[in-house]
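See below for final-v7.cif, which holds mmCIF, C-alpha atoms and all ligand atoms.
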data_structure
loop_
_atom_site.label_atom_id
_atom_site.label_comp_id
_atom_site.auth_asym_id
_atom_site.auth_seq_id
_atom_site.Cartn_x
_atom_site.Cartn_y
_atom_site.Cartn_z
CA MET A 1 -133.31 -24.47 114.77
CA ALA A 2 -133.30 -26.65 117.90
CA VAL A 3 -129.88 -28.16 118.45
CA ASP A 4 -128.70 -30.41 121.27
CA ARG A 5 -125.35 -30.22 123.07
CA PHE A 6 -123.98 -32.97 120.80
CA GLY A 7 -124.71 -30.90 117.69
CA ARG A 8 -127.69 -32.93 116.56
CA ASN A 9 -130.38 -30.85 114.81
CA ILE A 10 -133.65 -32.00 116.36
CA HIS A 11 -136.43 -31.33 113.87
CA TYR A 12 -138.67 -34.40 113.90
CA LEU A 13 -141.48 -34.58 116.44
CA ARG A 14 -143.56 -37.65 117.16
CA VAL A 15 -146.83 -36.46 118.58
CA SER A 16 -149.02 -38.77 120.64
CA LEU A 17 -152.68 -37.90 120.15
CA THR A 18 -153.95 -40.25 122.84
CA ASP A 19 -152.65 -42.87 125.26
CA LYS A 20 -155.73 -45.01 124.55
CA CYS A 21 -155.97 -47.85 122.07
CA ASN A 22 -158.47 -50.20 120.47
CA LEU A 23 -155.94 -53.08 120.82
CA ARG A 24 -153.87 -54.49 123.68
CA CYS A 25 -150.65 -55.80 122.11
CA VAL A 26 -148.79 -58.07 124.53
CA TYR A 27 -145.47 -56.19 124.23
CA CYS A 28 -147.07 -52.78 124.58
CA MET A 29 -149.58 -52.76 127.41
CA PRO A 30 -151.36 -55.02 129.90
CA GLU A 31 -154.92 -56.02 129.04
CA ASP A 32 -156.32 -54.09 132.02
CA MET A 33 -154.36 -50.94 131.15
CA THR A 34 -155.59 -47.78 132.85
CA PHE A 35 -155.60 -44.56 130.86
CA ARG A 36 -155.40 -40.90 131.76
CA PRO A 37 -158.63 -38.94 132.02
CA THR A 38 -159.23 -36.89 128.87
CA HIS A 39 -158.98 -33.53 130.64
CA GLU A 40 -155.33 -34.31 131.50
CA LEU A 41 -154.50 -34.68 127.80
CA MET A 42 -153.81 -31.88 125.32
CA GLN A 43 -157.06 -30.49 123.97
CA ASP A 44 -157.19 -29.63 120.26
CA ASP A 45 -156.35 -25.94 120.75
CA GLU A 46 -153.46 -26.77 123.12
CA LEU A 47 -152.11 -29.35 120.71
CA LEU A 48 -152.15 -26.87 117.83
CA PHE A 49 -150.60 -24.14 119.94
CA LEU A 50 -147.68 -26.41 120.86
CA ILE A 51 -147.26 -27.63 117.27
CA ARG A 52 -146.95 -23.99 116.15
CA LEU A 53 -144.20 -23.45 118.73
CA PHE A 54 -142.29 -26.50 117.55
CA ALA A 55 -142.66 -25.43 113.92
CA ASP A 56 -141.37 -21.95 114.84
CA LEU A 57 -138.32 -23.63 116.36
CA GLY A 58 -137.52 -25.42 113.10
CA PHE A 59 -139.37 -28.71 113.53
CA ASP A 60 -140.61 -29.66 110.06
CA LYS A 61 -141.47 -33.36 110.23
CA PHE A 62 -144.31 -34.59 112.40
CA ARG A 63 -145.58 -38.10 113.02
CA LEU A 64 -148.92 -38.71 114.67
CA THR A 65 -148.95 -41.69 116.96
CA GLY A 66 -150.28 -42.89 120.29
CA GLY A 67 -151.82 -45.09 121.69
CA GLU A 68 -153.85 -45.36 118.55
CA PRO A 69 -154.03 -41.99 116.78
CA THR A 70 -157.03 -42.88 114.60
CA ILE A 71 -159.31 -43.18 117.64
CA ARG A 72 -158.75 -39.54 118.59
CA HIS A 73 -162.01 -37.65 118.20
CA GLY A 74 -161.88 -35.35 115.14
CA ILE A 75 -158.70 -36.92 113.75
CA VAL A 76 -159.32 -35.73 110.17
CA ASP A 77 -159.69 -32.10 111.30
CA ILE A 78 -156.61 -32.43 113.50
CA VAL A 79 -154.57 -33.63 110.50
CA ARG A 80 -155.88 -30.75 108.38
CA GLU A 81 -155.16 -28.08 110.97
CA MET A 82 -151.73 -29.39 111.88
CA LYS A 83 -150.70 -29.71 108.23
CA SER A 84 -151.68 -26.10 107.58
CA VAL A 85 -149.32 -24.77 110.28
CA PRO A 86 -146.50 -22.86 108.53
CA GLY A 87 -143.30 -24.91 108.69
CA VAL A 88 -145.02 -28.29 108.91
CA GLU A 89 -143.68 -29.97 105.78
CA LYS A 90 -144.26 -33.66 106.32
CA MET A 91 -147.01 -35.25 108.34
CA THR A 92 -147.10 -39.01 108.73
CA MET A 93 -148.82 -41.45 111.09
CA THR A 94 -148.08 -44.72 112.82
CA THR A 95 -151.28 -46.73 113.22
CA ASN A 96 -152.47 -50.26 113.87
CA GLY A 97 -154.53 -49.87 110.69
CA ILE A 98 -157.80 -51.13 112.18
CA LEU A 99 -159.72 -47.96 111.22
CA LEU A 100 -157.85 -47.09 108.02
CA ASP A 101 -160.47 -48.65 105.78
CA LYS A 102 -162.69 -45.66 106.56
CA LEU A 103 -160.10 -43.02 107.47
CA ALA A 104 -157.30 -43.40 104.90
CA GLU A 105 -159.00 -41.40 102.16
CA PRO A 106 -160.26 -38.47 104.31
CA MET A 107 -156.92 -38.22 106.12
CA ALA A 108 -155.05 -38.20 102.79
CA GLN A 109 -157.39 -35.45 101.57
CA ALA A 110 -156.68 -33.54 104.78
CA GLY A 111 -152.96 -33.57 104.06
CA LEU A 112 -151.54 -36.72 105.64
CA ASP A 113 -148.51 -37.80 103.58
CA ARG A 114 -147.87 -41.42 104.62
CA VAL A 115 -148.66 -44.12 107.11
CA ASN A 116 -146.70 -46.83 108.87
CA ILE A 117 -148.98 -49.71 109.73
CA SER A 118 -148.21 -52.23 112.44
CA ILE A 119 -148.78 -55.86 111.51
CA ASP A 120 -146.88 -58.60 113.32
CA THR A 121 -148.13 -61.72 111.53
CA LEU A 122 -150.30 -62.84 108.61
CA ASP A 123 -151.86 -65.63 110.67
CA PRO A 124 -155.30 -64.51 111.94
CA ASP A 125 -155.15 -66.58 115.17
CA LYS A 126 -151.67 -65.38 116.06
CA PHE A 127 -152.65 -61.83 115.23
CA HIS A 128 -155.47 -62.11 117.70
CA ARG A 129 -153.14 -63.63 120.33
CA ILE A 130 -150.55 -60.83 119.95
CA THR A 131 -153.02 -57.94 119.83
CA ARG A 132 -155.50 -59.64 122.23
CA TRP A 133 -158.45 -57.80 120.61
CA GLY A 134 -157.62 -57.41 116.90
CA GLN A 135 -158.88 -59.01 113.67
CA LEU A 136 -156.24 -59.40 110.96
CA ASP A 137 -158.72 -58.75 108.13
CA ASP A 138 -159.39 -55.23 109.39
CA VAL A 139 -155.69 -54.39 109.11
CA LEU A 140 -155.32 -55.96 105.67
CA ARG A 141 -158.27 -53.88 104.44
CA GLY A 142 -156.67 -50.84 106.05
CA ILE A 143 -153.35 -51.40 104.26
CA HIS A 144 -155.05 -51.59 100.88
CA ALA A 145 -157.17 -48.51 101.66
CA ALA A 146 -154.02 -46.59 102.56
CA GLU A 147 -152.35 -47.60 99.33
CA ALA A 148 -155.43 -46.66 97.30
CA ALA A 149 -155.53 -43.27 99.06
CA GLY A 150 -151.93 -42.59 98.06
CA LEU A 151 -150.49 -42.73 101.59
CA THR A 152 -147.36 -44.21 100.08
CA PRO A 153 -144.74 -45.62 100.20
CA ILE A 154 -146.49 -48.04 102.58
CA LYS A 155 -144.31 -49.14 105.47
CA LEU A 156 -145.34 -52.10 107.61
CA ASN A 157 -143.91 -52.52 111.11
CA ALA A 158 -143.59 -55.90 112.81
CA VAL A 159 -142.32 -56.25 116.36
CA VAL A 160 -140.82 -59.71 116.66
CA VAL A 161 -141.69 -61.61 119.83
CA ARG A 162 -140.16 -64.98 120.63
CA GLY A 163 -142.78 -67.67 120.86
CA PHE A 164 -145.43 -65.50 119.17
CA ASN A 165 -144.34 -64.52 115.66
CA ASP A 166 -140.61 -65.29 115.29
CA ASP A 167 -141.42 -67.98 112.72
CA ASP A 168 -143.68 -65.63 110.70
CA VAL A 169 -140.99 -63.23 109.59
CA ALA A 170 -140.32 -64.92 106.24
CA GLU A 171 -144.00 -64.79 105.29
CA LEU A 172 -144.10 -61.09 106.15
CA ALA A 173 -140.88 -60.41 104.19
CA ALA A 174 -142.37 -62.29 101.23
CA LEU A 175 -145.03 -59.57 100.95
CA THR A 176 -142.32 -57.47 99.33
CA LEU A 177 -142.14 -59.89 96.38
CA GLU A 178 -145.56 -58.75 95.15
CA HIS A 179 -145.89 -55.31 96.70
CA ASP A 180 -143.81 -52.18 96.61
CA TRP A 181 -143.92 -51.99 100.42
CA GLN A 182 -141.23 -51.68 103.06
CA VAL A 183 -141.65 -54.43 105.64
CA ARG A 184 -139.69 -53.49 108.76
CA PHE A 185 -138.79 -55.75 111.64
CA ILE A 186 -138.43 -54.09 115.02
CA GLU A 187 -136.51 -55.46 117.95
CA MET A 188 -138.72 -55.42 121.00
CA MET A 189 -137.73 -52.85 123.61
CA PRO A 190 -138.26 -53.04 127.37
CA PHE A 191 -140.58 -50.48 128.97
CA GLY A 192 -142.10 -50.09 132.45
CA ASP A 193 -144.55 -52.84 133.35
CA VAL A 194 -143.83 -54.92 130.23
CA ALA A 195 -140.02 -54.67 130.52
CA GLY A 196 -139.54 -58.19 131.89
CA PHE A 197 -141.60 -59.69 129.10
CA ALA A 198 -139.71 -57.73 126.44
CA GLN A 199 -136.29 -58.66 127.79
CA GLN A 200 -137.03 -62.38 127.82
CA GLN A 201 -138.76 -62.49 124.46
CA VAL A 202 -136.55 -60.17 122.37
CA VAL A 203 -135.42 -61.57 119.00
CA THR A 204 -132.36 -59.86 117.55
CA ASP A 205 -132.09 -58.43 114.06
CA GLU A 206 -129.44 -61.07 113.26
CA GLU A 207 -131.77 -63.95 114.14
CA ILE A 208 -134.63 -62.45 112.13
CA ARG A 209 -132.41 -62.02 109.09
CA ALA A 210 -131.18 -65.61 109.31
CA THR A 211 -134.78 -66.92 109.43
CA ILE A 212 -135.75 -64.87 106.38
CA GLU A 213 -132.67 -65.91 104.41
CA ALA A 214 -133.27 -69.60 105.19
CA SER A 215 -136.61 -69.31 103.45
CA LEU A 216 -136.23 -66.58 100.79
CA GLY A 217 -132.51 -66.67 99.98
CA GLU A 218 -129.76 -64.16 100.67
CA LEU A 219 -130.86 -60.60 101.39
CA GLU A 220 -129.06 -57.88 99.44
CA LEU A 221 -127.93 -54.95 101.62
CA LEU A 222 -129.05 -51.61 100.10
CA ASP A 223 -127.33 -48.19 100.19
CA ASN A 224 -124.20 -49.70 101.77
CA GLY A 225 -126.11 -50.13 105.00
CA ARG A 226 -126.91 -46.42 105.32
CA LEU A 227 -130.00 -45.97 107.50
CA ASP A 228 -133.30 -44.97 105.94
CA GLY A 229 -134.75 -43.17 108.99
CA GLU A 230 -134.07 -45.76 111.64
CA ALA A 231 -134.15 -48.81 109.33
CA ARG A 232 -131.31 -50.65 107.59
CA LEU A 233 -132.69 -51.82 104.25
CA TYR A 234 -132.33 -55.08 102.32
CA LYS A 235 -133.97 -56.62 99.29
CA VAL A 236 -135.13 -60.15 98.64
CA ASP A 237 -133.94 -61.26 95.21
CA GLY A 238 -136.47 -60.12 92.60
CA ALA A 239 -138.68 -58.28 95.10
CA ARG A 240 -140.61 -55.09 94.35
CA GLY A 241 -140.35 -53.80 97.90
CA THR A 242 -137.70 -53.76 100.62
CA VAL A 243 -137.15 -55.33 104.02
CA GLY A 244 -135.95 -53.13 106.87
CA PHE A 245 -134.47 -53.81 110.29
CA ILE A 246 -134.88 -51.45 113.19
CA SER A 247 -132.34 -52.67 115.68
CA SER A 248 -132.77 -50.16 118.46
CA VAL A 249 -131.55 -52.61 121.08
CA THR A 250 -128.54 -54.30 119.45
CA GLN A 251 -127.44 -51.55 117.01
CA PRO A 252 -128.70 -48.21 118.33
CA PHE A 253 -128.82 -45.29 115.90
CA CYS A 254 -128.51 -42.56 118.57
CA ALA A 255 -125.73 -40.65 116.78
CA SER A 256 -128.06 -39.81 113.90
CA CYS A 257 -131.19 -39.25 116.02
CA THR A 258 -133.09 -36.09 115.08
CA ARG A 259 -136.29 -36.71 117.00
CA ALA A 260 -138.18 -35.83 120.10
CA ARG A 261 -141.61 -36.86 121.32
CA LEU A 262 -144.62 -35.02 122.63
CA THR A 263 -146.78 -37.25 124.84
CA ALA A 264 -150.57 -36.99 124.79
CA GLU A 265 -150.45 -35.06 128.08
CA GLY A 266 -148.16 -32.46 126.58
CA VAL A 267 -144.82 -33.63 127.95
CA LEU A 268 -141.71 -33.33 125.78
CA ARG A 269 -139.77 -36.58 125.92
CA LEU A 270 -136.27 -36.30 124.52
CA CYS A 271 -135.38 -39.98 124.12
CA LEU A 272 -137.73 -42.93 123.77
CA LEU A 273 -135.61 -45.04 126.08
CA LYS A 274 -134.65 -42.46 128.72
CA ASP A 275 -136.99 -40.95 131.28
CA LYS A 276 -135.85 -37.31 130.88
CA GLU A 277 -138.94 -35.17 130.20
CA VAL A 278 -140.12 -31.55 130.16
CA ASP A 279 -143.75 -30.75 130.98
CA LEU A 280 -145.13 -28.17 128.54
CA LEU A 281 -148.88 -28.44 129.12
CA THR A 282 -148.86 -27.40 132.79
CA PRO A 283 -146.95 -24.15 132.13
CA LEU A 284 -149.16 -23.53 129.09
CA ARG A 285 -152.27 -23.93 131.25
CA ASN A 286 -150.69 -21.71 133.93
CA GLY A 287 -150.27 -18.86 131.46
CA ALA A 288 -146.58 -19.14 130.55
CA SER A 289 -145.56 -16.75 127.79
CA LEU A 290 -144.71 -17.86 124.28
CA ASP A 291 -141.06 -17.06 124.88
CA ASP A 292 -140.98 -19.03 128.14
CA LEU A 293 -142.47 -22.06 126.44
CA LYS A 294 -140.03 -21.82 123.54
CA GLN A 295 -137.17 -21.58 126.02
CA LEU A 296 -138.43 -24.71 127.82
CA ILE A 297 -138.38 -26.59 124.51
CA ARG A 298 -134.91 -25.27 123.58
CA ASP A 299 -133.48 -26.19 127.00
CA GLY A 300 -135.09 -29.63 126.86
CA VAL A 301 -133.66 -30.28 123.41
CA TRP A 302 -130.24 -29.01 124.47
CA HIS A 303 -130.16 -31.60 127.26
CA LYS A 304 -131.44 -34.46 125.10
CA PRO A 305 -129.68 -37.61 126.36
CA TRP A 306 -127.03 -39.00 124.04
CA GLY A 307 -128.74 -42.35 123.79
CA HIS A 308 -130.03 -45.35 125.62
CA ASP A 309 -128.22 -47.45 128.15
CA LEU A 310 -129.96 -50.80 127.79
CA ASP A 311 -126.60 -52.61 127.84
CA ASN A 312 -126.16 -51.47 131.43
CA ASN A 313 -129.71 -52.52 132.22
CA VAL A 314 -130.96 -48.93 132.44
CA ILE A 315 -134.53 -49.30 131.19
CA PRO A 316 -137.27 -46.68 130.99
CA LEU A 317 -139.57 -47.17 133.95
CA THR A 318 -142.01 -44.28 134.03
CA ARG A 319 -144.02 -45.11 130.91
CA VAL A 320 -144.79 -47.91 128.48
CA MET A 321 -144.60 -47.30 124.72
CA SER A 322 -148.25 -46.29 124.32
CA GLN A 323 -147.81 -43.59 126.98
CA ILE A 324 -144.80 -42.13 125.23
CA GLY A 325 -145.86 -42.23 121.60
CA GLY A 326 -144.01 -44.87 119.61
N1 LIG A 401 -151.02 -47.89 117.86
C1 LIG A 401 -150.13 -47.57 116.80
C2 LIG A 401 -149.44 -48.79 116.25
O1 LIG A 401 -149.50 -49.83 116.89
O2 LIG A 401 -148.85 -48.68 115.18
C3 LIG A 401 -149.13 -46.49 117.17
C4 LIG A 401 -148.51 -46.57 118.53
S1 LIG A 401 -147.49 -47.97 118.79
C5 LIG A 401 -146.94 -47.68 120.45
C6 LIG A 401 -146.10 -47.56 117.76
C7 LIG A 401 -145.18 -48.69 117.42
O3 LIG A 401 -144.53 -49.13 118.59
C8 LIG A 401 -145.86 -49.92 116.83
O4 LIG A 401 -145.24 -50.28 115.62
C9 LIG A 401 -145.64 -50.97 117.88
O5 LIG A 401 -145.57 -52.24 117.30
C10 LIG A 401 -144.36 -50.52 118.51
N2 LIG A 401 -144.13 -51.02 119.87
C11 LIG A 401 -144.98 -51.06 120.93
N3 LIG A 401 -144.38 -51.60 122.02
C12 LIG A 401 -143.12 -51.90 121.64
C13 LIG A 401 -142.00 -52.48 122.30
N4 LIG A 401 -142.04 -52.88 123.57
N5 LIG A 401 -140.85 -52.63 121.59
C14 LIG A 401 -140.76 -52.25 120.29
N6 LIG A 401 -141.78 -51.68 119.62
C15 LIG A 401 -142.95 -51.54 120.27
FE1 LIG A 402 -152.19 -50.21 120.68
FE2 LIG A 402 -150.15 -49.76 119.05
FE3 LIG A 402 -149.74 -50.48 121.61
FE4 LIG A 402 -150.71 -52.27 119.93
S1 LIG A 402 -148.70 -51.29 119.78
S2 LIG A 402 -151.49 -51.82 122.01
S3 LIG A 402 -151.93 -51.04 118.63
S4 LIG A 402 -150.64 -48.60 120.94
#
What does this structure look like when you write it as structure tokens?
Ligand code: SAM
Ligand code: SF4
Amino acid sequence: MAVDRFGRNIHYLRVSLTDKCNLRCVYCMPEDMTFRPTHELMQDDELLFLIRLFADLGFDKFRLTGGEPTIRHGIVDIVREMKSVPGVEKMTMTTNGILLDKLAEPMAQAGLDRVNISIDTLDPDKFHRITRWGQLDDVLRGIHAAEAAGLTPIKLNAVVVRGFNDDDVAELAALTLEHDWQVRFIEMMPFGDVAGFAQQQVVTDEEIRATIEASLGELELLDNGRLDGEARLYKVDGARGTVGFISSVTQPFCASCTRARLTAEGVLRLCLLKDKEVDLLTPLRNGASLDDLKQLIRDGVWHKPWGHDLDNNVIPLTRVMSQIGG
């Protein structure tokens, strides 16, 4: 078991398979983003080696992310091999959904349990403006393919950006009337080069809720407000699905955090919003022993920061979201 100095049992690893992406969302990366050369990223054997170490240390829940995880070469085989590592109980993915139409079924067959799909609006023009390169129809097809493949319950993630999609939240929430999906609204967070943009355009959970209620009626709070993962859940009257709020900025959930992140270049990042990191790939390539690597992970986890400090304007500067693994 990997425990931090605050007694939190850290057993959930978000694994970035690549820093690259087939979209360029405005809140995530600049259009002319530069990426790391492939040889600096974990190769398949290195990735699997590190996953085995984490599983040995008690990590049981893994989420594949990026960048865009579905563009990683050999993604179906990677899912299959990671899922067969002893100790890996749950394997999920966060994806922009563009390639799910083709990949949902083979990834489900390979052992993927669920997907979270990012979709910020149902308006095709706005979708293109937010993602710069994306077509909404591709994502909609991807969502249905994921549902048909049994990658359920389907969770949809929308980052809310003032002036882009803040007036689309009710339409997104209304999807839950017809579908047994969880539509989650995420407060935008400030990172590196896009921090200024995120700080000016952030829309709080409270504002989003008020917009939805003005259109769909009062939202019913579920489970007495207990978090489902990182989301606080509500229901629109008569809906099949639920609406979630991930309020990392205004209502951080650090006390119940059980996660760490492994970046595509094999660096253990202990908190999304703090720059503390432990390089694992360099020692692995330099021949570090299994025990040394395990000790590096244990020490890193032990010193996991308590939580973020956005209130005091401490923002993560070294990486943007796609370089961490969201
Ligand atoms: N490419 C995949 C996707 O978009 O789902 C996975 C990686 S992406 C970095 C993971 C999640 O982070 C997405 O839901 C995305 O909307 C969210 N995200 C990116 N930048 C963000 C920011 N500045 N604040 C909050 N969420 C952000
Ligand atoms: Fe790509 Fe996901 Fe970032 Fe959008 S949020 S640019 S899809 S990594």
Margin query: as a ChimeraX atom specification, please: every protein or nucleic acid residue near ligand LIG 402 (chain A) (cut-off 9 Å, counting all atoms listed in the file).
Written below: /A:19-31,65-69,94-98,118,130-132,134,159,320-323,325-326
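Considering the residues A:Val249, A:Val76, A:Met33, A:Ala288 and counting all atoms listed in the file, Gly307 in chain A has its shortest atom-to-atom contact with A:Val249.
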Quick one: what's the axis-aligned box for ligand LIG 401 (chain A), all listed atoms, 3 Å on every side, centre and edges in Å to one decimal, as AutoDock Vina command-line options?
--center_x -145.9 --center_y -49.7 --center_z 119.4 --size_x 16.3 --size_y 12.4 --size_z 14.4
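Omitting Phe253 in chain A and its sequence neighbours fewer than 4 positions away, and counting all atoms listed in the file, the residues within 12 Å are Arg226, Leu227, Asp228, Gly229, Glu230, Ala231, Arg232, Phe245, Ile246, Ser247, Ser248, Val249, Cys257, Thr258, Arg259, Cys271, Trp306, Gly307 and His308 of chain A.
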For Thr38 in chain A, please output as a PDB file with C-alpha atoms, in the frame of the given file all residues within 10 Å (counting only C-alpha atoms; exclusion window: fewer than 2 positions along the same chain).
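So the final result, stored in result.pdb, reads:
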ATOM      1  CA  THR A  18    -153.950 -40.250 122.840  1.00  0.00           C
ATOM      2  CA  ASP A  19    -152.650 -42.870 125.260  1.00  0.00           C
ATOM      3  CA  LYS A  20    -155.730 -45.010 124.550  1.00  0.00           C
ATOM      4  CA  PHE A  35    -155.600 -44.560 130.860  1.00  0.00           C
ATOM      5  CA  ARG A  36    -155.400 -40.900 131.760  1.00  0.00           C
ATOM      6  CA  GLU A  40    -155.330 -34.310 131.500  1.00  0.00           C
ATOM      7  CA  LEU A  41    -154.500 -34.680 127.800  1.00  0.00           C
ATOM      8  CA  MET A  42    -153.810 -31.880 125.320  1.00  0.00           C
ATOM      9  CA  GLN A  43    -157.060 -30.490 123.970  1.00  0.00           C
ATOM     10  CA  ALA A 264    -150.570 -36.990 124.790  1.00  0.00           C
ATOM     11  CA  GLU A 265    -150.450 -35.060 128.080  1.00  0.00           C
TER      12      GLU A 265
END
Note to self: Can you pull out the residues contacting range 276-285 of chain A? Cut-off 9 Å, using only C-alpha atoms, and skip same-chain residues under 6 positions away; I want them as an NGL selection string.
What the structure shows: :A and (41-42 or 46 or 50 or 265-270 or 292-293 or 296-297 or 300 or 303-305)
Margin query: Report, in Å to a single decimal, how far apart CA of Ile75 in chain A and CA of Ile117 in chain A are.
Written below: 16.6 Å
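Take the candidates A:Arg184, A:Lys61, A:His39, A:Lys126 and check each one against ligand LIG 401 (chain A) using all atoms listed in the file; the shortest distance goes to A:Arg184.
A straight line drawn from CA of Gly217 in chain A to CA of Ala170 in chain A is 10.2 Å long.
The coordinates place CA of Ala173 in chain A at 11.9 Å from CA of Leu233 in chain A.
When all atoms listed in the file are used to compute distances to ligand LIG 401 (chain A), the closest of the residues A:Ile71, A:Leu57, A:Ala104, A:Ala148 turns out to be A:Ile71.
In this comparison, which uses only C-alpha atoms, the residue of A:Arg162, A:His73, A:Lys235, A:Arg129 approaching Glu220 in chain A most closely is A:Lys235.
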Check: If you count only C-alpha atoms, which residues fall within 12 Å of Ala214 in chain A, apart from same-chain ones fewer than 2 positions away, as a ChimeraX atom specification?
Finding: /A:167,169-171,173,207-212,216-219,236
Margin query: List the spatial neighbours of Thr92 in chain A as number ranges by chain - criterion: any atom at most 7 Å away, all atoms listed in the file, same-chain residues fewer than 4 positions off excluded.
Written below: A: 62-64, 112-115
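For the residues A:Thr250, A:Thr263, A:Gln109, A:Thr70, ranking by smallest atom-to-atom distance to Val15 in chain A using only C-alpha atoms places A:Thr263 first.
Considering the residues A:Arg52, A:His128, A:Lys102, A:Arg72 and counting only C-alpha atoms, Ala145 in chain A has its shortest atom-to-atom contact with A:Lys102.
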